[in-house]
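What follows is the content of protein10.txt, which has compact mmCIF, C-alpha atoms and all ligand atoms:
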# COMPACT_ATOMS: atom_id res chain seq x y z
CA MET A 9 -1.71 8.45 -23.17
CA SER A 10 0.87 6.75 -21.01
CA ILE A 11 -0.13 4.40 -18.26
CA ASN A 12 1.46 2.91 -15.18
CA ILE A 13 2.11 -0.71 -14.23
CA ARG A 14 1.74 -2.25 -10.79
CA ILE A 15 2.78 -5.79 -10.00
CA ALA A 16 1.31 -6.64 -6.61
CA GLY A 17 2.34 -9.74 -4.67
CA VAL A 18 2.66 -11.94 -7.73
CA SER A 19 3.56 -15.60 -7.23
CA HIS A 20 3.34 -18.37 -9.80
CA TRP A 21 4.10 -22.02 -10.35
CA PHE A 22 3.69 -24.20 -13.40
CA ALA A 23 4.31 -27.83 -12.45
CA SER A 24 3.78 -27.83 -8.70
CA PRO A 25 3.20 -25.32 -5.89
CA GLU A 26 6.35 -26.71 -4.26
CA ASP A 27 8.34 -25.41 -7.21
CA PRO A 28 7.40 -21.73 -7.57
CA VAL A 29 8.68 -19.85 -10.60
CA LEU A 30 7.82 -16.42 -9.19
CA ASP A 31 7.56 -15.67 -5.50
CA GLY A 32 6.10 -12.46 -4.05
CA VAL A 33 7.04 -10.09 -6.85
CA ASN A 34 6.15 -6.44 -6.25
CA LEU A 35 7.12 -3.76 -8.73
CA ASN A 36 5.74 -0.34 -9.65
CA LEU A 37 6.43 1.60 -12.79
CA ASP A 38 5.16 5.12 -13.41
CA ALA A 39 3.48 6.10 -16.66
CA GLY A 40 6.10 6.83 -19.31
CA GLN A 41 8.95 5.28 -17.31
CA THR A 42 11.28 2.64 -18.67
CA LEU A 43 12.26 -0.48 -16.75
CA SER A 44 15.00 -2.97 -17.57
CA ILE A 45 14.75 -6.45 -16.08
CA VAL A 46 17.89 -8.55 -15.72
CA GLY A 47 18.39 -11.94 -14.14
CA GLU A 48 19.77 -15.38 -14.80
CA SER A 49 18.21 -17.59 -17.44
CA GLY A 50 15.08 -19.25 -16.06
CA CYS A 51 14.42 -16.71 -13.28
CA GLY A 52 10.97 -15.87 -14.63
CA LYS A 53 11.50 -12.71 -16.71
CA SER A 54 9.45 -13.84 -19.70
CA THR A 55 6.79 -15.25 -17.37
CA LEU A 56 6.48 -11.82 -15.76
CA LEU A 57 6.21 -10.09 -19.16
CA HIS A 58 3.44 -12.50 -20.21
CA MET A 59 1.58 -11.56 -17.04
CA ILE A 60 1.91 -7.81 -17.72
CA ALA A 61 0.65 -8.51 -21.25
CA GLY A 62 -2.44 -10.16 -19.74
CA MET A 63 -1.62 -13.49 -21.36
CA LEU A 64 -1.00 -15.42 -18.15
CA GLN A 65 -2.68 -15.01 -14.77
CA PRO A 66 -0.59 -15.31 -11.60
CA ARG A 67 -1.63 -18.00 -9.11
CA THR A 68 -1.61 -15.30 -6.43
CA GLY A 69 -1.36 -11.54 -6.61
CA ARG A 70 -2.29 -9.37 -9.56
CA VAL A 71 -0.85 -7.17 -12.27
CA TYR A 72 -2.51 -3.81 -12.92
CA VAL A 73 -1.92 -1.84 -16.10
CA GLY A 74 -3.32 1.68 -16.06
CA GLY A 75 -5.09 0.80 -12.83
CA GLN A 76 -6.99 -2.09 -14.42
CA PRO A 77 -6.24 -5.78 -13.75
CA ALA A 78 -4.36 -7.28 -16.71
CA LEU A 79 -6.83 -10.07 -17.34
CA ALA A 80 -6.52 -10.34 -21.13
CA PRO A 81 -4.27 -9.11 -23.92
CA ASN A 82 -4.96 -5.53 -25.00
CA PRO A 83 -3.94 -4.07 -28.37
CA ARG A 84 -2.69 -0.94 -26.58
CA TRP A 85 -0.16 -3.00 -24.61
CA ASN A 86 2.21 -4.54 -27.04
CA ILE A 87 4.58 -7.42 -26.42
CA MET A 88 7.50 -8.46 -28.57
CA PHE A 89 8.24 -12.04 -27.66
CA GLN A 90 11.65 -13.55 -27.12
CA ARG A 91 11.07 -15.55 -30.30
CA SER A 92 8.63 -13.43 -32.24
CA ALA A 93 7.06 -15.27 -35.13
CA LEU A 94 6.62 -13.50 -38.43
CA TYR A 95 4.18 -14.82 -41.00
CA PRO A 96 6.27 -16.39 -43.76
CA TRP A 97 3.58 -15.98 -46.42
CA LEU A 98 3.35 -12.19 -45.86
CA THR A 99 5.91 -9.65 -47.02
CA VAL A 100 7.87 -7.65 -44.46
CA VAL A 101 5.65 -4.57 -44.81
CA LYS A 102 2.51 -6.68 -44.52
CA ASN A 103 3.85 -8.34 -41.38
CA VAL A 104 4.33 -4.88 -39.85
CA ALA A 105 0.96 -3.61 -41.08
CA LEU A 106 -0.66 -6.62 -39.43
CA GLY A 107 -0.01 -4.99 -36.06
CA LEU A 108 -2.19 -2.09 -37.23
CA GLU A 109 -4.84 -4.47 -38.50
CA PHE A 110 -4.97 -6.24 -35.11
CA ALA A 111 -5.35 -2.83 -33.47
CA GLY A 112 -8.35 -2.11 -35.71
CA ILE A 113 -6.68 0.64 -37.72
CA ARG A 114 -8.05 0.70 -41.25
CA LYS A 115 -6.49 3.60 -43.07
CA GLY A 116 -2.91 4.31 -44.14
CA ARG A 117 -1.57 1.00 -42.89
CA ARG A 118 1.07 0.54 -45.59
CA ALA A 119 2.39 4.10 -45.22
CA ARG A 120 2.66 3.78 -41.44
CA ALA A 121 4.31 0.37 -41.73
CA LEU A 122 6.82 1.74 -44.25
CA ALA A 123 7.63 4.72 -42.00
CA MET A 124 8.35 2.37 -39.09
CA LEU A 125 10.47 0.09 -41.31
CA GLU A 126 12.45 3.20 -42.21
CA ARG A 127 13.11 3.85 -38.52
CA VAL A 128 14.43 0.33 -37.95
CA GLY A 129 16.55 0.58 -41.12
CA LEU A 130 14.65 -1.92 -43.25
CA ALA A 131 12.65 0.19 -45.71
CA ASP A 132 14.58 -1.37 -48.58
CA ARG A 133 13.41 -4.88 -47.61
CA ALA A 134 9.72 -3.98 -47.34
CA ASP A 135 8.61 -6.32 -50.12
CA ALA A 136 10.87 -9.24 -49.19
CA HIS A 137 9.58 -12.23 -47.27
CA PRO A 138 10.78 -12.88 -43.70
CA GLN A 139 12.62 -16.08 -44.60
CA ASP A 140 14.83 -14.08 -46.96
CA LEU A 141 16.02 -11.87 -44.08
CA SER A 142 18.77 -12.49 -41.55
CA GLY A 143 17.83 -13.32 -37.94
CA GLY A 144 18.66 -9.78 -36.81
CA GLN A 145 16.61 -8.27 -39.63
CA GLN A 146 13.67 -10.48 -38.66
CA GLN A 147 14.01 -9.20 -35.09
CA ARG A 148 13.81 -5.65 -36.39
CA VAL A 149 10.64 -6.45 -38.35
CA ALA A 150 9.08 -7.85 -35.16
CA LEU A 151 10.17 -4.71 -33.33
CA ALA A 152 8.61 -2.51 -36.03
CA ARG A 153 5.38 -4.52 -35.79
CA SER A 154 5.28 -3.84 -32.03
CA LEU A 155 6.05 -0.13 -32.27
CA VAL A 156 3.88 0.74 -35.27
CA VAL A 157 0.63 0.71 -33.29
CA SER A 158 1.78 3.52 -30.93
CA PRO A 159 1.08 1.36 -27.89
CA SER A 160 0.71 2.83 -24.39
CA VAL A 161 2.83 0.03 -22.99
CA ILE A 162 5.52 -1.90 -24.77
CA LEU A 163 7.06 -5.10 -23.44
CA LEU A 164 10.24 -6.21 -25.16
CA ASP A 165 11.80 -9.60 -24.44
CA GLU A 166 15.47 -9.46 -25.51
CA PRO A 167 14.61 -7.52 -28.68
CA PHE A 168 18.21 -6.86 -29.72
CA SER A 169 19.84 -10.18 -28.89
CA ALA A 170 20.65 -11.11 -32.50
CA LEU A 171 22.07 -7.73 -33.52
CA ASP A 172 25.62 -6.51 -34.02
CA THR A 173 26.89 -3.79 -31.69
CA PHE A 174 26.28 -0.88 -34.05
CA THR A 175 22.81 -1.87 -35.21
CA ARG A 176 21.90 -2.60 -31.61
CA SER A 177 23.09 0.81 -30.50
CA ASP A 178 21.14 2.57 -33.30
CA LEU A 179 17.98 0.66 -32.42
CA GLN A 180 18.31 1.29 -28.69
CA ALA A 181 18.42 5.02 -29.48
CA GLU A 182 15.51 4.70 -31.92
CA VAL A 183 13.32 2.82 -29.41
CA LEU A 184 14.15 5.32 -26.67
CA SER A 185 13.25 8.20 -28.94
CA ILE A 186 9.91 6.61 -29.96
CA VAL A 187 9.16 5.85 -26.30
CA ALA A 188 9.94 9.43 -25.25
CA GLU A 189 8.01 10.97 -28.19
CA GLN A 190 4.88 8.99 -27.42
CA GLY A 191 5.14 8.69 -23.62
CA ILE A 192 5.19 4.90 -23.83
CA THR A 193 5.81 2.89 -20.66
CA LEU A 194 8.54 0.39 -21.53
CA VAL A 195 9.55 -2.86 -19.87
CA GLN A 196 12.52 -4.55 -21.47
CA VAL A 197 14.16 -7.84 -20.57
CA THR A 198 17.83 -8.04 -21.41
CA HIS A 199 20.88 -10.15 -20.66
CA ASP A 200 23.18 -7.27 -21.52
CA LEU A 201 24.06 -5.09 -18.52
CA ASP A 202 25.13 -2.13 -20.69
CA GLU A 203 21.78 -2.31 -22.42
CA ALA A 204 19.98 -2.42 -19.06
CA VAL A 205 21.68 0.86 -18.10
CA ILE A 206 21.04 2.47 -21.51
CA MET A 207 17.35 1.56 -21.65
CA GLY A 208 16.09 1.62 -18.06
CA ASP A 209 15.12 4.58 -15.86
CA ARG A 210 14.99 1.79 -13.31
CA ILE A 211 16.63 -1.63 -13.40
CA ALA A 212 15.10 -4.63 -11.64
CA VAL A 213 17.54 -7.39 -10.73
CA MET A 214 15.94 -10.80 -10.29
CA GLU A 215 16.93 -13.85 -8.30
CA ARG A 216 16.17 -17.28 -9.58
CA HIS A 217 14.50 -20.36 -8.21
CA PRO A 218 12.24 -18.97 -7.04
CA GLY A 219 12.10 -15.81 -9.13
CA ARG A 220 12.15 -12.79 -6.85
CA ILE A 221 13.03 -9.14 -7.21
CA HIS A 222 16.45 -8.92 -5.59
CA GLY A 223 16.41 -5.15 -5.84
CA VAL A 224 15.55 -2.19 -8.02
CA ILE A 225 18.27 0.25 -8.97
CA GLU A 226 17.30 3.80 -9.84
CA ASN A 227 19.30 4.86 -12.86
CA ARG A 228 20.96 8.12 -11.86
CA MET A 229 22.50 8.76 -15.27
CA PRO A 230 20.86 11.50 -17.30
CA ALA A 231 19.99 10.71 -20.93
CA PRO A 232 21.57 10.00 -23.30
CA ARG A 233 22.95 7.07 -21.32
CA GLN A 234 25.84 5.92 -23.43
CA PRO A 235 28.90 3.82 -22.54
CA GLY A 236 31.89 6.10 -22.02
CA ARG A 237 29.85 9.02 -20.74
CA PRO A 238 30.46 10.19 -17.16
CA GLY A 239 28.61 8.02 -14.66
CA PHE A 240 27.94 5.10 -17.02
CA ALA A 241 30.70 2.83 -15.75
CA GLU A 242 29.63 3.44 -12.14
CA MET A 243 26.01 2.50 -12.87
CA ARG A 244 27.13 -0.61 -14.72
CA ASP A 245 29.46 -1.62 -11.87
CA GLU A 246 26.66 -1.16 -9.39
CA LEU A 247 24.40 -3.32 -11.51
CA LEU A 248 27.06 -5.99 -11.94
CA ALA A 249 27.58 -6.14 -8.17
CA ALA A 250 23.81 -6.46 -7.57
CA PHE A 251 23.60 -9.15 -10.26
CA GLY A 252 26.42 -11.07 -8.57
CA ARG A 253 24.68 -10.91 -5.21
CA ALA A 254 21.37 -11.96 -6.78
CA ARG A 255 23.06 -15.04 -8.22
CA ARG A 256 24.39 -15.96 -4.76
CA ASN A 257 27.39 -17.13 -6.67
CA PRO A 258 30.08 -18.60 -4.41
CA LEU A 259 32.68 -17.59 -6.99
CA SER A 260 31.63 -13.94 -6.73
CA THR A 261 34.15 -12.09 -4.61
CA ASP A 262 32.15 -8.89 -4.41
CA THR A 263 30.14 -9.00 -1.21
CA ARG A 264 30.20 -5.25 -0.61
CA PRO A 265 26.88 -3.50 -0.25
CA SER A 266 26.18 -1.31 -3.23
CA GLN A 267 26.95 2.40 -3.01
CA ALA A 268 23.38 3.47 -3.60
CA PRO A 269 20.46 2.04 -1.67
CA VAL A 270 18.82 -0.81 -3.51
CA ALA A 271 15.13 -0.86 -2.77
CA VAL A 272 14.00 -4.44 -2.28
CA ASN A 273 10.62 -5.18 -3.85
CA ALA A 274 10.11 -1.50 -4.65
N1 LIG B 1 4.54 -22.92 -19.86
C1 LIG B 1 5.42 -23.40 -18.99
N2 LIG B 1 5.26 -24.60 -18.41
C2 LIG B 1 6.12 -25.08 -17.50
N3 LIG B 1 7.21 -24.41 -17.08
C3 LIG B 1 7.44 -23.20 -17.61
C4 LIG B 1 6.57 -22.63 -18.61
N4 LIG B 1 7.04 -21.41 -18.95
C5 LIG B 1 8.16 -21.24 -18.23
N5 LIG B 1 8.41 -22.30 -17.42
C6 LIG B 1 9.52 -22.44 -16.48
O1 LIG B 1 9.51 -21.29 -15.65
C7 LIG B 1 10.84 -20.84 -15.40
C8 LIG B 1 10.96 -19.39 -15.84
O2 LIG B 1 10.85 -19.33 -17.25
P1 LIG B 1 10.99 -17.96 -18.05
O3 LIG B 1 10.81 -18.26 -19.48
O4 LIG B 1 10.08 -16.95 -17.45
O5 LIG B 1 12.51 -17.58 -17.72
P2 LIG B 1 13.41 -16.37 -18.26
O6 LIG B 1 13.88 -15.62 -17.06
O7 LIG B 1 12.67 -15.61 -19.28
O8 LIG B 1 14.66 -17.14 -18.90
P3 LIG B 1 15.56 -16.79 -20.20
O9 LIG B 1 16.49 -15.70 -19.77
O10 LIG B 1 16.27 -18.07 -20.48
O11 LIG B 1 14.65 -16.38 -21.32
C9 LIG B 1 11.77 -21.80 -16.12
O12 LIG B 1 12.23 -22.75 -15.21
C10 LIG B 1 10.88 -22.43 -17.17
O13 LIG B 1 11.29 -23.74 -17.46
MG MG B 2 12.93 -15.38 -21.31
Turn the structure described in the file into structure tokens.
Amino acid sequence: MSINIRIAGVSHWFASPEDPVLDGVNLNLDAGQTLSIVGESGCGKSTLLHMIAGMLQPRTGRVYVGGQPALAPNPRWNIMFQRSALYPWLTVVKNVALGLEFAGIRKGRRARALAMLERVGLADRADAHPQDLSGGQQQRVALARSLVVSPSVILLDEPFSALDTFTRSDLQAEVLSIVAEQGITLVQVTHDLDEAVIMGDRIAVMERHPGRIHGVIENRMPAPRQPGRPGFAEMRDELLAAFGRARRNPLSTDTRPSQAPVAVNA
């Protein structure tokens, strides 16, 4: 069953209230929708994901997942961290099966883990240990561990950052197909604007210091959203312009308003 996400008036600070990390963030995501979040390093993207995952409580405001306050981690909402740790003493397939164990699934764990490893292209490394894999392969194991539990919500923090273009493109398609098959609500942080357009039905552009939602762009491109297809370059340009404005970069020459309305704090 897919579930919605509502981020309502979320503000947060770590060191001091005078130095807020997030400031008045409002964002709604329908059940089964996908959202890309882009923004400069340090703008609070990972902090926001941790809040949706129920791992961190905002100082003010609240995050609701499926209508319930996200007060604690839930095995049906799965997060893949920016630096996901694999257990070095477990084989690849056991690392993936661990996701199922955490979710309380007893039967058929190895078979399900192997099937997911197949989908991320790593079935042949099932019995290797993580330290014998490349960084990109380790990322794919962490991704498989997140997806294997058929979560209702999946939160991915730069899941493809260590991958080559072709592997990345295959995995983007694979994740989108799993998400569509199972009606998963997806939030994905990325630094890659092409990826934001490929993955997100909506794209949130953040400002930094304090972290705010500069605007939310509705992705008008029909799936499959691939570079080179009609409409892709326009969406990417629109996103790039919004990103430039969000950075308030004096070197940015593009001060035009975007073609499509950008809903602030939608
Ligand atoms: N536990 C913490 N204690 C203190 N400050 C923190 C903590 N976690 C994050 N911060 C600070 O909050 C700000 C936002 O951090 P966050 O990790 O959310 O950024 P980000 O947008 O994910 O950046 P990046 O793109 O580099 O991953 C940063 O200035 C960071 O130093
Ligand atoms: Mg981050």
Take the point (4.5, -14.3, -17.2) as written in the file and pick out every residue within 12 Å of it, counting all atoms listed in the file; give the list as a ChimeraX atom specification.
/A:15,18-22,29-30,33,50-67,70-71,78,87,89,163,165,219
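Straight-line separation from atom CA of Pro235 of chain A to atom CA of Leu184 of chain A: 15.4 Å.
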I'd like the contact shell of segment 172-175 of chain A - 10 Å cut-off, only C-alpha atoms, skipping same-chain residues fewer than 4 positions apart - returned as an MDAnalysis selection string.
chainID A and resid 128:129 144:145 148 168 179:181
Distance query Leu122 of chain A at most 12 Å, only C-alpha atoms, self and fewer than 6 positions along chain excluded, as a PyMOL selection string
chain A and resi 99-105+116+128-135+149+152-153+156
Between atom CA of His199 of chain A and atom CA of Leu43 of chain A, measure the distance and give it in Å to one decimal.
13.5 Å
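Picture a line from atom CA of Ile221 of chain A to atom MG of ligand MG 2 (chain B); it runs 15.4 Å.
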Which residue gives the smallest distance to ligand MG 2 (chain B) among A:Asp38, A:Glu166, A:Asp27, A:Glu189, with only C-alpha atoms and all ligand atoms counted?
A:Glu166
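For the choices A:Glu48, A:Val195, A:Leu164, A:Pro238, the atom-to-atom distance to Leu35 of chain A is smallest for A:Val195 when using only C-alpha atoms.
Contact shell of Ile206 of chain A at 8 Å (all atoms listed in the file; same-chain neighbours under 5 positions omitted): Gln180, Pro232, Arg233 and Gln234 of chain A.
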Could you turn the residues from that selection into a file that holds C-alpha atoms, as a PDB file, keeping the file's coordinate frame?
ATOM      1  CA  GLN A 180      18.310   1.290 -28.690  1.00  0.00           C
ATOM      2  CA  PRO A 232      21.570  10.000 -23.300  1.00  0.00           C
ATOM      3  CA  ARG A 233      22.950   7.070 -21.320  1.00  0.00           C
ATOM      4  CA  GLN A 234      25.840   5.920 -23.430  1.00  0.00           C
TER       5      GLN A 234
END
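Comparing A:Pro28, A:Pro96, A:Gly208, A:Gly112 by their smallest distance to ligand LIG 1 (chain B), the closest is A:Pro28 (using all atoms listed in the file).
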Compile the contact shell of Glu242 of chain A as a PDB file with C-alpha atoms, in the frame of the given file: residues with an atom at most 12 Å away, counting all atoms listed in the file, same-chain residues fewer than 3 positions apart removed.
ATOM      1  CA  ASP A 202      25.130  -2.130 -20.690  1.00  0.00           C
ATOM      2  CA  VAL A 205      21.680   0.860 -18.100  1.00  0.00           C
ATOM      3  CA  ASN A 227      19.300   4.860 -12.860  1.00  0.00           C
ATOM      4  CA  ARG A 228      20.960   8.120 -11.860  1.00  0.00           C
ATOM      5  CA  MET A 229      22.500   8.760 -15.270  1.00  0.00           C
ATOM      6  CA  ARG A 233      22.950   7.070 -21.320  1.00  0.00           C
ATOM      7  CA  PRO A 235      28.900   3.820 -22.540  1.00  0.00           C
ATOM      8  CA  GLY A 236      31.890   6.100 -22.020  1.00  0.00           C
ATOM      9  CA  ARG A 237      29.850   9.020 -20.740  1.00  0.00           C
ATOM     10  CA  PRO A 238      30.460  10.190 -17.160  1.00  0.00           C
ATOM     11  CA  GLY A 239      28.610   8.020 -14.660  1.00  0.00           C
ATOM     12  CA  ASP A 245      29.460  -1.620 -11.870  1.00  0.00           C
ATOM     13  CA  GLU A 246      26.660  -1.160  -9.390  1.00  0.00           C
ATOM     14  CA  LEU A 247      24.400  -3.320 -11.510  1.00  0.00           C
ATOM     15  CA  LEU A 248      27.060  -5.990 -11.940  1.00  0.00           C
ATOM     16  CA  ALA A 249      27.580  -6.140  -8.170  1.00  0.00           C
ATOM     17  CA  SER A 266      26.180  -1.310  -3.230  1.00  0.00           C
ATOM     18  CA  GLN A 267      26.950   2.400  -3.010  1.00  0.00           C
ATOM     19  CA  ALA A 268      23.380   3.470  -3.600  1.00  0.00           C
TER      20      ALA A 268
END
May I have the centre and edge lengths, in Å to one decimal, of an axis-aligned box around the listed atoms of segment 187-195 of chain A with 8 Å added to every side, as lines of an AutoDock Vina configuration file?
center_x = 7.4
center_y = 4.1
center_z = -24.0
size_x = 21.1
size_y = 29.8
size_z = 24.3
